[in-house]
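A short write-up of the structure that comes next.
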Amino acid sequence: MAGRRPLTNDEERALLRVVRKLTPRDRALVTAQWFTGFRISEILSLKVGDVFRGGAVRPKIGLAPRRLKGGYGNTRWVPVLPELERALSSHLYRMRLTFEVTADLPLFVSVRTKEGGVLPMTRSGAQRLLERVLRMAGIEDDGRLGTHSLRKTFARSVYRSAGNDLMVLRAALGHSSVSVSEHYLEVDADDVDRAMRSVDFTRRSKPRPPAPPPVPVPPPAPRARAPRRPAPAAVASTQLELTLAA
């Protein structure tokens, strides 16, 4: 979806504060797409057995080609990052209190049927959930936000972490060509501004070295007092006495 945009760094921080306070299911759903980069249809296709083994979260989540968009290529494996592991563990604990958890149970259940079965959350339901969460986070919808925004946010983070390597991004998203991955990237206005400002090399001043610490000045030494000279009258009297004595 070329019309969707990724979240900004500030929006990500605001979203995280809200997501951590959601119900276990909703928190796990948003976090799963945000931290795996799977499409929302792929996230909603997950079963309990895809994520959990022996009551613990698997270290990686893998989806076979038949469950990916296009139905071709190789199984896409994504590591379960710590933030996602915490969300999934909380979700599994709550599921065990409500359902008989089996490997083929949908990971994100929407409603129970009259026959006692369960139905997975729909794509429209996931979209409504994300819209509500974005409003709670104070993120204004400019008409370009949706579930695919989380996949694009994941793509931007991978791209930057890989040192802007498009080949790494292509492999992380499971794309068939780099040209498809390029559409997931948007130029950041701040990055453009910094790049243009760096063009002017004529007025770059060298950074001034830090000033040395002040040298402590010792206090002045006390001045020696000169001996007192006798008064003129006393000197004359002493000379007279010496003359008479002679």
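FYI, nothing fancy with the structure tokens labels: chains A, B, ... in order, residues from 1 per chain, ligands from 1 as they appear.
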Please provide the set of residues having any atom within 12 Å of stretch 178-188 of chain A, restricted to only C-alpha atoms, with same-chain residues fewer than 3 positions apart removed, written as a VMD selection string.
chain A and resid 1 to 9 37 148 to 160 164 to 175 191 to 195
Write out, as a Markdown table, each residue of stretch 97-147 of chain A that has an atom at most 10 Å from stretch 18-35 of chain A, together with the closest pair of atoms and their distance in Å to one decimal, counting only C-alpha atoms, rows going by chain and rising number.
| residue | atom | partner | partner_atom | distance |
| --- | --- | --- | --- | --- |
| A:Leu107 | CA | A:Arg25 | CA | 8.7 |
| A:Phe108 | CA | A:Arg25 | CA | 6.7 |
| A:Val109 | CA | A:Arg25 | CA | 8.4 |
| A:Ser110 | CA | A:Arg25 | CA | 9.7 |
| A:Met121 | CA | A:Leu29 | CA | 9.9 |
| A:Ala126 | CA | A:Leu29 | CA | 8.2 |
| A:Leu129 | CA | A:Asp26 | CA | 7.7 |
| A:Leu130 | CA | A:Val30 | CA | 7.3 |
| A:Val133 | CA | A:Val18 | CA | 7.2 |
| A:Leu134 | CA | A:Val18 | CA | 8.6 |
| A:Arg135 | CA | A:Val18 | CA | 9.8 |
| A:Met136 | CA | A:Val18 | CA | 6.9 |
| A:Ala137 | CA | A:Val18 | CA | 5.9 |
| A:Gly138 | CA | A:Val18 | CA | 9.6 |
| A:Thr147 | CA | A:Gln33 | CA | 8.1 |
Check the DSSP output for the backbone and give back, as an MDAnalysis selection string, the residues of stretch 14-231 of chain A in alpha helix (DSSP H).
chainID A and resid 14:19 24:36 40:44 48:51 82:98 123:136 147:161 166:173 178:182 189:197
Would you please extract all strand (DSSP E) residues from stretch 55-226 of chain A, as assigned by DSSP on the backbone, and give them as an mmCIF file with N, CA and C atoms, in the first residue's frame?
data_model
loop_
_atom_site.group_PDB
_atom_site.id
_atom_site.type_symbol
_atom_site.label_atom_id
_atom_site.label_comp_id
_atom_site.auth_asym_id
_atom_site.auth_seq_id
_atom_site.Cartn_x
_atom_site.Cartn_y
_atom_site.Cartn_z
ATOM 1 N N ALA A 56 5.692 -22.318 25.800
ATOM 2 C CA ALA A 56 6.587 -21.160 25.753
ATOM 3 C C ALA A 56 6.577 -20.560 24.352
ATOM 4 N N VAL A 57 6.949 -19.304 24.273
ATOM 5 C CA VAL A 57 6.991 -18.611 22.985
ATOM 6 C C VAL A 57 8.169 -19.133 22.171
ATOM 7 N N LYS A 60 11.380 -18.007 17.002
ATOM 8 C CA LYS A 60 11.092 -17.429 15.692
ATOM 9 C C LYS A 60 9.688 -17.822 15.256
ATOM 10 N N ILE A 61 9.081 -16.957 14.454
ATOM 11 C CA ILE A 61 7.788 -17.246 13.844
ATOM 12 C C ILE A 61 8.008 -17.412 12.351
ATOM 13 N N GLY A 62 7.499 -18.511 11.808
ATOM 14 C CA GLY A 62 7.666 -18.767 10.382
ATOM 15 C C GLY A 62 6.333 -18.987 9.689
ATOM 16 N N LEU A 63 6.182 -18.398 8.524
ATOM 17 C CA LEU A 63 4.982 -18.586 7.713
ATOM 18 C C LEU A 63 5.378 -19.177 6.372
ATOM 19 N N ARG A 76 8.980 -17.428 5.427
ATOM 20 C CA ARG A 76 9.548 -16.215 6.013
ATOM 21 C C ARG A 76 9.636 -16.392 7.522
ATOM 22 N N TRP A 77 10.854 -16.329 8.024
ATOM 23 C CA TRP A 77 11.115 -16.473 9.455
ATOM 24 C C TRP A 77 11.463 -15.117 10.050
ATOM 25 N N VAL A 78 10.856 -14.832 11.193
ATOM 26 C CA VAL A 78 11.100 -13.563 11.875
ATOM 27 C C VAL A 78 11.404 -13.861 13.341
ATOM 28 N N PRO A 79 12.481 -13.319 13.895
ATOM 29 C CA PRO A 79 12.773 -13.550 15.318
ATOM 30 C C PRO A 79 11.746 -12.864 16.209
ATOM 31 N N VAL A 109 -8.549 -14.429 18.497
ATOM 32 C CA VAL A 109 -9.954 -14.808 18.411
ATOM 33 C C VAL A 109 -10.820 -13.563 18.503
ATOM 34 N N SER A 110 -11.870 -13.535 17.677
ATOM 35 C CA SER A 110 -12.795 -12.412 17.700
ATOM 36 C C SER A 110 -14.016 -12.728 18.555
ATOM 37 N N VAL A 111 -14.785 -13.748 18.163
ATOM 38 C CA VAL A 111 -16.021 -14.085 18.883
ATOM 39 C C VAL A 111 -16.174 -15.600 18.934
ATOM 40 N N ARG A 112 -17.048 -16.012 19.839
ATOM 41 C CA ARG A 112 -17.461 -17.411 19.893
ATOM 42 C C ARG A 112 -18.707 -17.596 19.027
ATOM 43 N N VAL A 118 -14.927 -20.869 17.631
ATOM 44 C CA VAL A 118 -14.390 -19.506 17.675
ATOM 45 C C VAL A 118 -14.078 -19.046 16.262
ATOM 46 N N LEU A 119 -14.095 -17.740 16.073
ATOM 47 C CA LEU A 119 -13.754 -17.141 14.789
ATOM 48 C C LEU A 119 -12.585 -16.189 14.981
ATOM 49 N N PRO A 120 -11.644 -16.188 14.039
ATOM 50 C CA PRO A 120 -10.527 -15.255 14.167
ATOM 51 C C PRO A 120 -10.973 -13.822 13.908
#
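One finds atom CA of A:Thr122 at 21.5 Å from atom CA of A:Arg96.
Atom CA of A:Ser161 is positioned 28.2 Å from atom CA of A:Gly71.
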Coordinates-based distance that separates atom CA of A:Leu44 from atom CA of A:Arg13 (Å, one decimal):
24.5 Å
Here is a test: counting only C-alpha atoms, which residue of A:Pro59, A:Gly146, A:Pro65, A:Pro106 is nearest to A:Leu81?
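Among A:Pro59, A:Gly146, A:Pro65, A:Pro106, it is A:Pro59 that comes nearest to A:Leu81.
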